[in-house]
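The next block is run17.cif, given as mmCIF, C-alpha atoms and all ligand atoms.
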data_target
loop_
_atom_site.label_atom_id
_atom_site.label_comp_id
_atom_site.auth_asym_id
_atom_site.auth_seq_id
_atom_site.Cartn_x
_atom_site.Cartn_y
_atom_site.Cartn_z
CA MET A 63 3.09 -4.19 5.04
CA THR A 64 4.40 -6.86 2.70
CA GLU A 65 7.99 -6.65 1.52
CA PRO A 66 9.12 -8.59 -1.52
CA SER A 67 11.43 -11.47 -0.66
CA ALA A 68 15.03 -11.28 -1.83
CA ASP A 69 14.28 -13.52 -4.80
CA THR A 70 11.12 -11.72 -5.86
CA LYS A 71 11.22 -11.13 -9.59
CA PRO A 72 8.63 -9.91 -12.02
CA ALA A 73 6.74 -13.14 -12.71
CA LEU A 74 4.62 -12.11 -15.70
CA ALA A 75 6.06 -12.31 -19.16
CA GLY A 76 6.26 -8.83 -20.63
CA ILE A 77 6.96 -7.04 -17.34
CA ASP A 78 10.05 -5.24 -18.47
CA PHE A 79 9.38 -1.77 -17.11
CA LEU A 80 9.84 -0.04 -13.77
CA PRO A 81 6.41 0.18 -12.12
CA GLY A 82 7.34 3.26 -10.05
CA PRO A 83 4.93 4.76 -7.51
CA VAL A 84 1.49 3.14 -7.75
CA LEU A 85 -1.68 4.07 -5.87
CA LEU A 86 -4.43 1.50 -5.44
CA LEU A 87 -7.73 3.26 -4.86
CA GLY A 88 -11.26 2.06 -4.27
CA ALA A 89 -13.99 1.50 -1.68
CA PRO A 90 -13.51 -0.79 1.34
CA GLY A 91 -13.54 -4.41 0.18
CA VAL A 92 -12.71 -3.89 -3.51
CA GLY A 93 -9.59 -6.01 -3.04
CA LYS A 94 -6.84 -3.40 -2.72
CA GLY A 95 -4.86 -5.48 -0.23
CA THR A 96 -5.19 -8.71 -2.22
CA GLN A 97 -4.19 -6.98 -5.44
CA ALA A 98 -1.31 -5.17 -3.74
CA GLN A 99 0.06 -8.53 -2.56
CA ALA A 100 -0.22 -9.96 -6.08
CA LEU A 101 1.60 -6.91 -7.50
CA VAL A 102 4.33 -7.26 -4.86
CA ARG A 103 4.99 -10.79 -6.16
CA LEU A 104 4.83 -9.73 -9.81
CA PHE A 105 6.87 -6.57 -9.71
CA GLY A 106 9.19 -7.08 -6.74
CA MET A 107 8.31 -3.85 -4.98
CA PRO A 108 6.88 -3.26 -1.49
CA GLN A 109 3.26 -2.72 -0.48
CA ILE A 110 2.72 0.22 1.86
CA SER A 111 -0.65 -0.22 3.53
CA THR A 112 -1.63 2.52 5.95
CA GLY A 113 -4.30 0.19 7.38
CA ASP A 114 -1.65 -2.49 8.10
CA ILE A 115 0.69 0.06 9.71
CA LEU A 116 -2.16 1.27 11.92
CA ARG A 117 -3.18 -2.30 12.87
CA LYS A 118 0.45 -3.07 13.77
CA ASN A 119 0.43 -0.01 16.05
CA ILE A 120 -2.77 -1.26 17.67
CA ALA A 121 -1.26 -4.73 18.20
CA ASP A 122 1.88 -3.15 19.68
CA LYS A 123 -0.28 -0.87 21.89
CA THR A 124 1.60 2.28 20.84
CA ASP A 125 0.15 5.73 21.57
CA LEU A 126 -0.78 6.02 17.91
CA GLY A 127 -2.44 2.60 18.03
CA LEU A 128 -4.46 3.53 21.11
CA ARG A 129 -5.66 6.75 19.41
CA ALA A 130 -6.42 5.04 16.11
CA LYS A 131 -8.27 2.02 17.44
CA SER A 132 -11.55 3.62 18.42
CA LEU A 133 -11.69 5.59 15.15
CA MET A 134 -11.01 2.48 13.10
CA ASP A 135 -13.55 0.42 15.05
CA GLN A 136 -16.16 3.05 14.19
CA GLY A 137 -15.18 3.06 10.50
CA LEU A 138 -13.82 6.61 10.75
CA PHE A 139 -10.59 7.91 9.24
CA VAL A 140 -7.46 8.55 11.26
CA ASP A 141 -6.35 12.20 10.94
CA ASP A 142 -4.43 13.27 7.85
CA GLU A 143 -1.36 14.51 9.71
CA THR A 144 -0.80 11.15 11.41
CA VAL A 145 -1.28 9.13 8.25
CA ASN A 146 0.84 11.48 6.11
CA GLY A 147 3.64 11.22 8.68
CA MET A 148 3.52 7.41 8.55
CA VAL A 149 3.80 7.39 4.75
CA ALA A 150 6.59 10.00 4.66
CA ALA A 151 8.57 7.96 7.21
CA ARG A 152 8.18 4.78 5.17
CA LEU A 153 9.25 6.50 1.94
CA ASN A 154 12.49 7.51 3.65
CA GLN A 155 13.41 3.87 4.12
CA PRO A 156 15.18 1.76 1.50
CA GLY A 157 13.54 -0.85 -0.72
CA ILE A 158 11.52 1.41 -2.99
CA GLU A 159 14.02 1.62 -5.85
CA ARG A 160 11.73 -0.18 -8.32
CA GLY A 161 8.62 1.50 -7.01
CA PHE A 162 6.00 0.90 -4.32
CA ILE A 163 2.30 0.26 -4.02
CA LEU A 164 0.33 2.51 -1.72
CA ASP A 165 -2.75 0.59 -0.60
CA GLY A 166 -5.49 2.54 1.16
CA TYR A 167 -3.72 5.88 0.85
CA PRO A 168 -4.44 8.67 -0.05
CA ARG A 169 -8.01 8.63 1.21
CA THR A 170 -8.61 12.40 1.41
CA LEU A 171 -7.73 15.33 -0.83
CA VAL A 172 -5.37 16.62 1.88
CA GLN A 173 -3.50 13.30 1.76
CA ALA A 174 -3.46 13.39 -2.07
CA GLY A 175 -1.98 16.91 -1.99
CA PHE A 176 0.62 15.71 0.51
CA ILE A 177 1.84 12.70 -1.48
CA ASP A 178 1.81 14.65 -4.77
CA ALA A 179 3.97 17.38 -3.21
CA LEU A 180 6.25 14.89 -1.44
CA LEU A 181 7.00 13.03 -4.67
CA ASP A 182 7.52 16.35 -6.50
CA LEU A 183 10.11 17.24 -3.86
CA HIS A 184 11.87 13.88 -4.24
CA ARG A 185 11.89 14.36 -8.02
CA GLU A 186 13.29 17.89 -7.82
CA ALA A 187 15.92 16.86 -5.29
CA GLY A 188 16.84 13.83 -7.39
CA THR A 189 16.84 11.70 -4.25
CA GLY A 190 15.47 8.33 -3.34
CA GLY A 191 16.34 6.18 -6.34
CA SER A 192 15.03 5.88 -9.84
CA ALA A 193 11.42 4.91 -9.18
CA LEU A 194 10.67 8.16 -7.40
CA HIS A 195 11.36 10.06 -10.60
CA LEU A 196 8.36 8.51 -12.29
CA PRO A 197 4.98 10.16 -11.97
CA LEU A 198 2.38 8.55 -9.74
CA VAL A 199 0.09 6.07 -11.42
CA ALA A 200 -3.35 5.70 -9.83
CA ILE A 201 -5.43 2.57 -10.33
CA SER A 202 -8.99 2.59 -9.11
CA ILE A 203 -10.76 -0.76 -8.54
CA ARG A 204 -14.54 -0.65 -8.91
CA VAL A 205 -17.05 -3.09 -7.35
CA ASP A 206 -20.84 -2.78 -6.65
CA GLU A 207 -21.83 -1.97 -3.07
CA ASP A 208 -23.85 -5.21 -2.50
CA GLU A 209 -20.83 -7.27 -3.49
CA LEU A 210 -18.61 -5.15 -1.22
CA LEU A 211 -20.79 -5.92 1.81
CA ARG A 212 -20.53 -9.66 1.08
CA ARG A 213 -16.79 -9.39 0.70
CA ILE A 214 -16.30 -7.37 3.87
CA THR A 215 -18.48 -9.49 6.16
CA GLY A 216 -17.10 -12.74 4.67
CA ARG A 217 -13.45 -11.71 4.88
CA ARG A 218 -11.14 -13.73 7.14
CA ILE A 219 -7.41 -13.07 7.41
CA CYS A 220 -4.47 -15.20 8.45
CA PRO A 221 -2.59 -13.21 11.11
CA THR A 222 0.63 -15.08 10.25
CA CYS A 223 0.94 -14.86 6.46
CA LYS A 224 -1.73 -12.13 5.92
CA ARG A 225 -3.49 -14.17 3.23
CA SER A 226 -7.10 -13.19 2.83
CA TYR A 227 -10.04 -15.62 2.47
CA ASN A 228 -13.76 -15.18 2.01
CA ILE A 229 -16.17 -17.62 3.66
CA TYR A 230 -18.55 -17.26 0.68
CA ALA A 231 -16.35 -16.88 -2.37
CA HIS A 232 -12.95 -18.27 -1.41
CA PRO A 233 -13.16 -20.35 1.80
CA PRO A 234 -10.16 -22.17 3.24
CA ALA A 235 -10.11 -25.97 2.75
CA SER A 236 -10.66 -26.45 6.47
CA GLU A 237 -13.12 -24.02 8.09
CA GLY A 238 -11.39 -21.18 9.95
CA ILE A 239 -7.83 -22.43 9.26
CA CYS A 240 -5.21 -20.99 6.91
CA ASP A 241 -4.43 -23.40 4.04
CA PHE A 242 -0.77 -22.39 4.03
CA ASP A 243 0.36 -22.36 7.65
CA GLY A 244 -2.51 -23.79 9.72
CA THR A 245 -3.07 -20.58 11.72
CA VAL A 246 -6.58 -19.86 13.01
CA LEU A 247 -8.08 -17.18 10.75
CA GLU A 248 -9.29 -13.88 12.20
CA GLN A 249 -11.98 -11.37 11.30
CA ARG A 250 -11.00 -7.70 11.37
CA ALA A 251 -12.81 -5.73 14.09
CA ASP A 252 -14.11 -3.29 11.46
CA ASP A 253 -15.38 -5.96 9.03
CA THR A 254 -18.98 -5.89 10.30
CA GLY A 255 -22.07 -4.76 8.35
CA GLU A 256 -22.54 -1.77 10.63
CA THR A 257 -18.96 -0.52 10.39
CA PHE A 258 -18.98 -1.17 6.65
CA ARG A 259 -21.82 1.37 6.30
CA GLU A 260 -19.78 3.96 8.23
CA ARG A 261 -16.71 3.24 6.11
CA MET A 262 -18.80 3.74 2.96
CA VAL A 263 -20.00 7.11 4.31
CA GLU A 264 -16.37 8.19 4.83
CA TYR A 265 -15.45 6.83 1.42
CA THR A 266 -18.25 8.67 -0.40
CA ALA A 267 -17.67 11.93 1.48
CA LYS A 268 -13.88 11.96 1.11
CA THR A 269 -12.17 9.26 -0.97
CA ALA A 270 -14.45 9.49 -4.02
CA TYR A 271 -12.96 12.98 -4.59
CA VAL A 272 -9.46 11.56 -4.50
CA ILE A 273 -10.36 9.25 -7.37
CA GLU A 274 -11.65 12.24 -9.37
CA HIS A 275 -8.45 14.16 -8.53
CA TYR A 276 -6.29 11.46 -10.13
CA ARG A 277 -8.71 10.84 -12.99
CA ASN A 278 -8.37 14.54 -13.90
CA LYS A 279 -4.59 14.49 -13.56
CA GLY A 280 -4.15 11.63 -16.07
CA CYS A 281 -1.89 8.66 -15.30
CA PHE A 282 -5.10 7.00 -14.14
CA ALA A 283 -6.93 3.77 -14.95
CA GLU A 284 -10.08 2.14 -13.62
CA VAL A 285 -10.47 -1.62 -13.55
CA GLU A 286 -13.51 -3.80 -12.87
CA GLY A 287 -12.93 -5.63 -9.59
CA ALA A 288 -15.85 -8.10 -9.65
CA ARG A 289 -13.78 -10.81 -11.36
CA SER A 290 -11.27 -13.43 -10.28
CA VAL A 291 -8.19 -12.18 -8.45
CA ASN A 292 -5.95 -13.21 -11.38
CA GLU A 293 -8.10 -11.41 -13.94
CA VAL A 294 -8.04 -8.21 -11.91
CA THR A 295 -4.27 -8.50 -11.43
CA ARG A 296 -3.83 -8.94 -15.17
CA SER A 297 -5.95 -5.84 -15.91
CA ILE A 298 -3.96 -3.77 -13.40
CA SER A 299 -0.63 -4.95 -14.83
CA GLU A 300 -1.78 -4.15 -18.37
CA ALA A 301 -2.98 -0.71 -17.29
CA LEU A 302 0.35 -0.04 -15.55
CA LYS A 303 2.29 -1.06 -18.61
CA ARG A 304 0.11 1.11 -20.85
CA LEU A 305 0.41 4.14 -18.55
CA ARG A 306 4.17 3.74 -18.11
CA SER A 307 4.78 3.52 -21.85
CA SER A 308 2.55 6.48 -22.79
P1 LIG B 1 -7.87 -0.45 5.44
O1 LIG B 1 -7.08 -1.59 5.99
O2 LIG B 1 -7.15 0.24 4.32
O3 LIG B 1 -9.28 -0.85 5.06
O4 LIG B 1 -7.99 0.63 6.61
C1 LIG B 1 -8.66 0.30 7.82
C2 LIG B 1 -8.95 1.57 8.60
O5 LIG B 1 -7.70 2.24 8.91
C3 LIG B 1 -9.76 2.62 7.87
O6 LIG B 1 -11.16 2.37 7.94
C4 LIG B 1 -9.35 3.89 8.62
O7 LIG B 1 -9.96 3.93 9.89
C5 LIG B 1 -7.86 3.65 8.85
N1 LIG B 1 -7.06 4.14 7.71
C6 LIG B 1 -6.30 3.39 6.85
N2 LIG B 1 -5.73 4.16 5.92
C7 LIG B 1 -6.12 5.44 6.18
C8 LIG B 1 -5.89 6.68 5.54
N3 LIG B 1 -5.14 6.78 4.42
N4 LIG B 1 -6.47 7.79 6.08
C9 LIG B 1 -7.23 7.71 7.20
N5 LIG B 1 -7.51 6.56 7.83
C10 LIG B 1 -6.96 5.42 7.33
#

Would you mind giving the structure from this file in structure tokens?
Amino acid sequence: MTEPSADTKPALAGIDFLPGPVLLLGAPGVGKGTQAQALVRLFGMPQISTGDILRKNIADKTDLGLRAKSLMDQGLFVDDETVNGMVAARLNQPGIERGFILDGYPRTLVQAGFIDALLDLHREAGTGGSALHLPLVAISIRVDEDELLRRITGRRICPTCKRSYNIYAHPPASEGICDFDGTVLEQRADDTGETFRERMVEYTAKTAYVIEHYRNKGCFAEVEGARSVNEVTRSISEALKRLRSS
């Protein structure tokens, strides 16, 4: 999870609106995490990544981490109840007054129903600060499957600053080393070709319906993800602005 630093301010000219609750949707490897980090810097709101929370639990060897690890290593989803509980707990903490970016959640229709109802409750109760009164905005990032495989198997992550590299498209200056803090880069255990195929099966069977759910609800935009990081960030910011002012 990436929190905005104290001096984080909207960095793009024209960002003069509250982003509110934002969902980033899309297949594994479309760039949800990278885009979420860019939006954190632009909008000064936190990223809530269920994948990051689960990986932290694995690193800390909690009971949840021990249960989740084998599922994640196989490319399978962790159960809805667990993941919903993690998100509900995070939304009870401060720091979400301007909004928040959910990255990698919801991934099933049960999770979508849960977050929709939870935010309805917050709205009705008038709790939790101004951003929770805004409707959810869902942004789906789309990338071809061949490109996704290349992105997933080429992805390397800095365990210190969480920056993401790609050995094909965006390698570090020095092989295997983070440009920013010199840490040895790591590959996620589930970023293999085999696990990618399993993750795509889960995605097609479950998450694709979540995208349709939000497309049908409105407050939805789809952006093309096979472009530079900055171009995709710009498209997402423009879509957010359009949806928030409509
Ligand atoms: P991610 O970092 O978003 O690619 O997530 C990595 C893995 O964590 C997924 O393949 C799932 O095993 C698990 N995971 C993350 N978010 C969820 C979620 N919303 N529902 C179920 N499993 C999840």

Item to complete: All residues within 7 Å of ligand LIG 1 (chain B) are required, counting all atoms listed in the file; please report them as number ranges by chain.
Response: A: 90, 111-114, 116, 133-134, 137-142, 145, 165-170, 261

Fill in: Selection: 8 Å around Arg160 in chain A, all atoms listed in the file, excl. self and same-chain fewer than 4 positions, as a PyMOL selection string
chain A and resi 80-82+106-107+192-193

Item to complete: Identify the residues within 12 Å of coordinate (-16.9, -15.5, 5.1) (same frame as the file), considering all atoms listed in the file, and give the answer as a list in words.
Response: Leu211, Arg212, Arg213, Ile214, Thr215, Gly216, Arg217, Arg218, Ile219, Ser226, Tyr227, Asn228, Ile229, Tyr230, Ala231, His232, Pro233, Pro234, Glu237, Gly238, Leu247, Glu248, Gln249, Arg250, Asp253 and Thr254 of chain A

Residues of range 196-220 of chain A at most 10 Å from range 292-301 of chain A: nearest atom pair and distance in Å, all atoms listed in the file, as CSV:
residue,atom,partner,partner_atom,distance
A:Val199,CA,A:Ala301,CA,9.5
A:Ala200,CA,A:Ala301,CA,9.8
A:Ile201,CA,A:Ile298,CA,7.2
A:Ser202,CA,A:Ile298,CA,9.2
A:Ile203,CA,A:Val294,CA,8.6

Discussion item. As an exercise, work out the distance from CA of Gly255 in chain A to CA of Lys268 in chain A in Å and give it to one decimal place.
Written reply: 20.0 Å

Worksheet item: What is the CA of Arg204 in chain A to CA of Gln109 in chain A distance in Å?
Response: 19.8 Å

Which polymer residues have any atom within 10 Å of an atom of range 274-277 of chain A, counting only C-alpha atoms, with same-chain residues fewer than 3 positions away left out, as a PDB file with C-alpha atoms, in the coordinates of the input?
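Saved file result23.pdb follows:
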ATOM      1  CA  LEU A  85      -1.680   4.070  -5.870  1.00  0.00           C
ATOM      2  CA  LEU A  87      -7.730   3.260  -4.860  1.00  0.00           C
ATOM      3  CA  LEU A 171      -7.730  15.330  -0.830  1.00  0.00           C
ATOM      4  CA  ALA A 174      -3.460  13.390  -2.070  1.00  0.00           C
ATOM      5  CA  GLY A 175      -1.980  16.910  -1.990  1.00  0.00           C
ATOM      6  CA  LEU A 198       2.380   8.550  -9.740  1.00  0.00           C
ATOM      7  CA  VAL A 199       0.090   6.070 -11.420  1.00  0.00           C
ATOM      8  CA  ALA A 200      -3.350   5.700  -9.830  1.00  0.00           C
ATOM      9  CA  ILE A 201      -5.430   2.570 -10.330  1.00  0.00           C
ATOM     10  CA  SER A 202      -8.990   2.590  -9.110  1.00  0.00           C
ATOM     11  CA  THR A 269     -12.170   9.260  -0.970  1.00  0.00           C
ATOM     12  CA  ALA A 270     -14.450   9.490  -4.020  1.00  0.00           C
ATOM     13  CA  TYR A 271     -12.960  12.980  -4.590  1.00  0.00           C
ATOM     14  CA  GLY A 280      -4.150  11.630 -16.070  1.00  0.00           C
ATOM     15  CA  CYS A 281      -1.890   8.660 -15.300  1.00  0.00           C
ATOM     16  CA  PHE A 282      -5.100   7.000 -14.140  1.00  0.00           C
ATOM     17  CA  ALA A 283      -6.930   3.770 -14.950  1.00  0.00           C
ATOM     18  CA  GLU A 284     -10.080   2.140 -13.620  1.00  0.00           C
TER      19      GLU A 284
END

Item to complete: For Asp182 in chain A, please output as a ChimeraX atom specification all residues within 12 Å (counting only C-alpha atoms; exclusion window: fewer than 3 positions along the same chain).
Response: /A:83,175-179,185-190,194-198

Worksheet item: Please, what distance in Å, to one decimal, runs between CA of Ala98 in chain A and CA of Ser132 in chain A?
Response: 25.9 Å

Worksheet item: In file coordinates, which residues lie within 9 Å of (-20.0, 1.2, 4.5) using all atoms listed in the file, given as an MDAnalysis selection string?
Response: chainID A and resid 89:90 137 207 210:211 255:265

Report the centre and edge lengths, in Å to one decimal, of an axis-aligned box enclosing every atom of range 229-245 of chain A listed in the file, padded by 3 Å on each side, as JSON.
{"center_x": -9.1, "center_y": -21.7, "center_z": 4.7, "size_x": 24.9, "size_y": 15.6, "size_z": 20.1}

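Counting all atoms listed in the file, the residue from A:Ala267, A:Val84, A:Val291, A:Cys220 that sits nearest to Leu164 in chain A is A:Val84.
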
Would you mind putting N, CA and C atoms back on range 124-160 of chain A and writing the result as a PDB file, in the frame of the given file?
ATOM      1  N   THR A 124       0.912   0.983  20.827  1.00  0.00           N
ATOM      2  CA  THR A 124       1.600   2.280  20.840  1.00  0.00           C
ATOM      3  C   THR A 124       0.577   3.378  21.095  1.00  0.00           C
ATOM      4  N   ASP A 125       1.068   4.599  21.367  1.00  0.00           N
ATOM      5  CA  ASP A 125       0.150   5.730  21.570  1.00  0.00           C
ATOM      6  C   ASP A 125      -0.709   5.936  20.330  1.00  0.00           C
ATOM      7  N   LEU A 126      -0.052   5.862  19.168  1.00  0.00           N
ATOM      8  CA  LEU A 126      -0.780   6.020  17.910  1.00  0.00           C
ATOM      9  C   LEU A 126      -1.861   4.945  17.781  1.00  0.00           C
ATOM     10  N   GLY A 127      -1.488   3.705  18.116  1.00  0.00           N
ATOM     11  CA  GLY A 127      -2.440   2.600  18.030  1.00  0.00           C
ATOM     12  C   GLY A 127      -3.637   2.822  18.934  1.00  0.00           C
ATOM     13  N   LEU A 128      -3.364   3.297  20.155  1.00  0.00           N
ATOM     14  CA  LEU A 128      -4.460   3.530  21.110  1.00  0.00           C
ATOM     15  C   LEU A 128      -5.407   4.610  20.588  1.00  0.00           C
ATOM     16  N   ARG A 129      -4.816   5.662  19.969  1.00  0.00           N
ATOM     17  CA  ARG A 129      -5.660   6.750  19.410  1.00  0.00           C
ATOM     18  C   ARG A 129      -6.453   6.258  18.213  1.00  0.00           C
ATOM     19  N   ALA A 130      -5.790   5.440  17.375  1.00  0.00           N
ATOM     20  CA  ALA A 130      -6.420   5.040  16.110  1.00  0.00           C
ATOM     21  C   ALA A 130      -7.518   4.000  16.305  1.00  0.00           C
ATOM     22  N   LYS A 131      -7.387   3.174  17.335  1.00  0.00           N
ATOM     23  CA  LYS A 131      -8.270   2.020  17.440  1.00  0.00           C
ATOM     24  C   LYS A 131      -9.758   2.384  17.457  1.00  0.00           C
ATOM     25  N   SER A 132     -10.115   3.353  18.305  1.00  0.00           N
ATOM     26  CA  SER A 132     -11.550   3.620  18.420  1.00  0.00           C
ATOM     27  C   SER A 132     -12.083   4.222  17.121  1.00  0.00           C
ATOM     28  N   LEU A 133     -11.249   5.041  16.443  1.00  0.00           N
ATOM     29  CA  LEU A 133     -11.690   5.590  15.150  1.00  0.00           C
ATOM     30  C   LEU A 133     -11.900   4.461  14.148  1.00  0.00           C
ATOM     31  N   MET A 134     -10.928   3.564  14.078  1.00  0.00           N
ATOM     32  CA  MET A 134     -11.010   2.480  13.100  1.00  0.00           C
ATOM     33  C   MET A 134     -12.190   1.563  13.407  1.00  0.00           C
ATOM     34  N   ASP A 135     -12.423   1.288  14.687  1.00  0.00           N
ATOM     35  CA  ASP A 135     -13.550   0.420  15.050  1.00  0.00           C
ATOM     36  C   ASP A 135     -14.884   1.041  14.660  1.00  0.00           C
ATOM     37  N   GLN A 136     -14.902   2.380  14.588  1.00  0.00           N
ATOM     38  CA  GLN A 136     -16.160   3.050  14.190  1.00  0.00           C
ATOM     39  C   GLN A 136     -16.228   3.258  12.672  1.00  0.00           C
ATOM     40  N   GLY A 137     -15.187   2.859  11.956  1.00  0.00           N
ATOM     41  CA  GLY A 137     -15.180   3.060  10.500  1.00  0.00           C
ATOM     42  C   GLY A 137     -14.791   4.464  10.099  1.00  0.00           C
ATOM     43  N   LEU A 138     -14.201   5.221  11.046  1.00  0.00           N
ATOM     44  CA  LEU A 138     -13.820   6.610  10.750  1.00  0.00           C
ATOM     45  C   LEU A 138     -12.344   6.695  10.369  1.00  0.00           C
ATOM     46  N   PHE A 139     -11.985   7.745   9.656  1.00  0.00           N
ATOM     47  CA  PHE A 139     -10.590   7.910   9.240  1.00  0.00           C
ATOM     48  C   PHE A 139      -9.730   8.405  10.402  1.00  0.00           C
ATOM     49  N   VAL A 140      -8.483   7.984  10.366  1.00  0.00           N
ATOM     50  CA  VAL A 140      -7.460   8.550  11.260  1.00  0.00           C
ATOM     51  C   VAL A 140      -7.058   9.889  10.640  1.00  0.00           C
ATOM     52  N   ASP A 141      -6.591  10.845  11.474  1.00  0.00           N
ATOM     53  CA  ASP A 141      -6.350  12.200  10.940  1.00  0.00           C
ATOM     54  C   ASP A 141      -5.230  12.230   9.904  1.00  0.00           C
ATOM     55  N   ASP A 142      -5.353  13.182   8.987  1.00  0.00           N
ATOM     56  CA  ASP A 142      -4.430  13.270   7.850  1.00  0.00           C
ATOM     57  C   ASP A 142      -2.977  13.409   8.291  1.00  0.00           C
ATOM     58  N   GLU A 143      -2.744  14.235   9.305  1.00  0.00           N
ATOM     59  CA  GLU A 143      -1.360  14.510   9.710  1.00  0.00           C
ATOM     60  C   GLU A 143      -0.653  13.213  10.140  1.00  0.00           C
ATOM     61  N   THR A 144      -1.372  12.418  10.923  1.00  0.00           N
ATOM     62  CA  THR A 144      -0.800  11.150  11.410  1.00  0.00           C
ATOM     63  C   THR A 144      -0.469  10.235  10.245  1.00  0.00           C
ATOM     64  N   VAL A 145      -1.445  10.081   9.342  1.00  0.00           N
ATOM     65  CA  VAL A 145      -1.280   9.130   8.250  1.00  0.00           C
ATOM     66  C   VAL A 145      -0.203   9.628   7.276  1.00  0.00           C
ATOM     67  N   ASN A 146      -0.198  10.922   6.995  1.00  0.00           N
ATOM     68  CA  ASN A 146       0.840  11.480   6.110  1.00  0.00           C
ATOM     69  C   ASN A 146       2.229  11.239   6.700  1.00  0.00           C
ATOM     70  N   GLY A 147       2.347  11.423   8.010  1.00  0.00           N
ATOM     71  CA  GLY A 147       3.640  11.220   8.680  1.00  0.00           C
ATOM     72  C   GLY A 147       4.113   9.780   8.551  1.00  0.00           C
ATOM     73  N   MET A 148       3.162   8.835   8.669  1.00  0.00           N
ATOM     74  CA  MET A 148       3.520   7.410   8.550  1.00  0.00           C
ATOM     75  C   MET A 148       4.054   7.113   7.151  1.00  0.00           C
ATOM     76  N   VAL A 149       3.401   7.670   6.138  1.00  0.00           N
ATOM     77  CA  VAL A 149       3.800   7.390   4.750  1.00  0.00           C
ATOM     78  C   VAL A 149       5.157   8.050   4.462  1.00  0.00           C
ATOM     79  N   ALA A 150       5.323   9.308   4.912  1.00  0.00           N
ATOM     80  CA  ALA A 150       6.590  10.000   4.660  1.00  0.00           C
ATOM     81  C   ALA A 150       7.745   9.230   5.304  1.00  0.00           C
ATOM     82  N   ALA A 151       7.514   8.704   6.518  1.00  0.00           N
ATOM     83  CA  ALA A 151       8.570   7.960   7.210  1.00  0.00           C
ATOM     84  C   ALA A 151       8.919   6.692   6.422  1.00  0.00           C
ATOM     85  N   ARG A 152       7.904   6.018   5.923  1.00  0.00           N
ATOM     86  CA  ARG A 152       8.180   4.780   5.170  1.00  0.00           C
ATOM     87  C   ARG A 152       8.927   5.073   3.875  1.00  0.00           C
ATOM     88  N   LEU A 153       8.604   6.186   3.224  1.00  0.00           N
ATOM     89  CA  LEU A 153       9.250   6.500   1.940  1.00  0.00           C
ATOM     90  C   LEU A 153      10.702   6.949   2.141  1.00  0.00           C
ATOM     91  N   ASN A 154      11.088   7.192   3.376  1.00  0.00           N
ATOM     92  CA  ASN A 154      12.490   7.510   3.650  1.00  0.00           C
ATOM     93  C   ASN A 154      13.329   6.270   3.885  1.00  0.00           C
ATOM     94  N   GLN A 155      12.660   5.111   3.907  1.00  0.00           N
ATOM     95  CA  GLN A 155      13.410   3.870   4.120  1.00  0.00           C
ATOM     96  C   GLN A 155      13.784   3.253   2.779  1.00  0.00           C
ATOM     97  N   PRO A 156      14.789   2.369   2.780  1.00  0.00           N
ATOM     98  CA  PRO A 156      15.180   1.760   1.500  1.00  0.00           C
ATOM     99  C   PRO A 156      14.169   0.729   1.011  1.00  0.00           C
ATOM    100  N   GLY A 157      14.371   0.241  -0.192  1.00  0.00           N
ATOM    101  CA  GLY A 157      13.540  -0.850  -0.720  1.00  0.00           C
ATOM    102  C   GLY A 157      12.523  -0.392  -1.750  1.00  0.00           C
ATOM    103  N   ILE A 158      12.540   0.909  -2.071  1.00  0.00           N
ATOM    104  CA  ILE A 158      11.520   1.410  -2.990  1.00  0.00           C
ATOM    105  C   ILE A 158      12.142   1.798  -4.345  1.00  0.00           C
ATOM    106  N   GLU A 159      13.304   1.210  -4.641  1.00  0.00           N
ATOM    107  CA  GLU A 159      14.020   1.620  -5.850  1.00  0.00           C
ATOM    108  C   GLU A 159      13.225   1.310  -7.120  1.00  0.00           C
ATOM    109  N   ARG A 160      12.518   0.172  -7.128  1.00  0.00           N
ATOM    110  CA  ARG A 160      11.730  -0.180  -8.320  1.00  0.00           C
ATOM    111  C   ARG A 160      10.355   0.496  -8.318  1.00  0.00           C
TER     112      ARG A 160
END
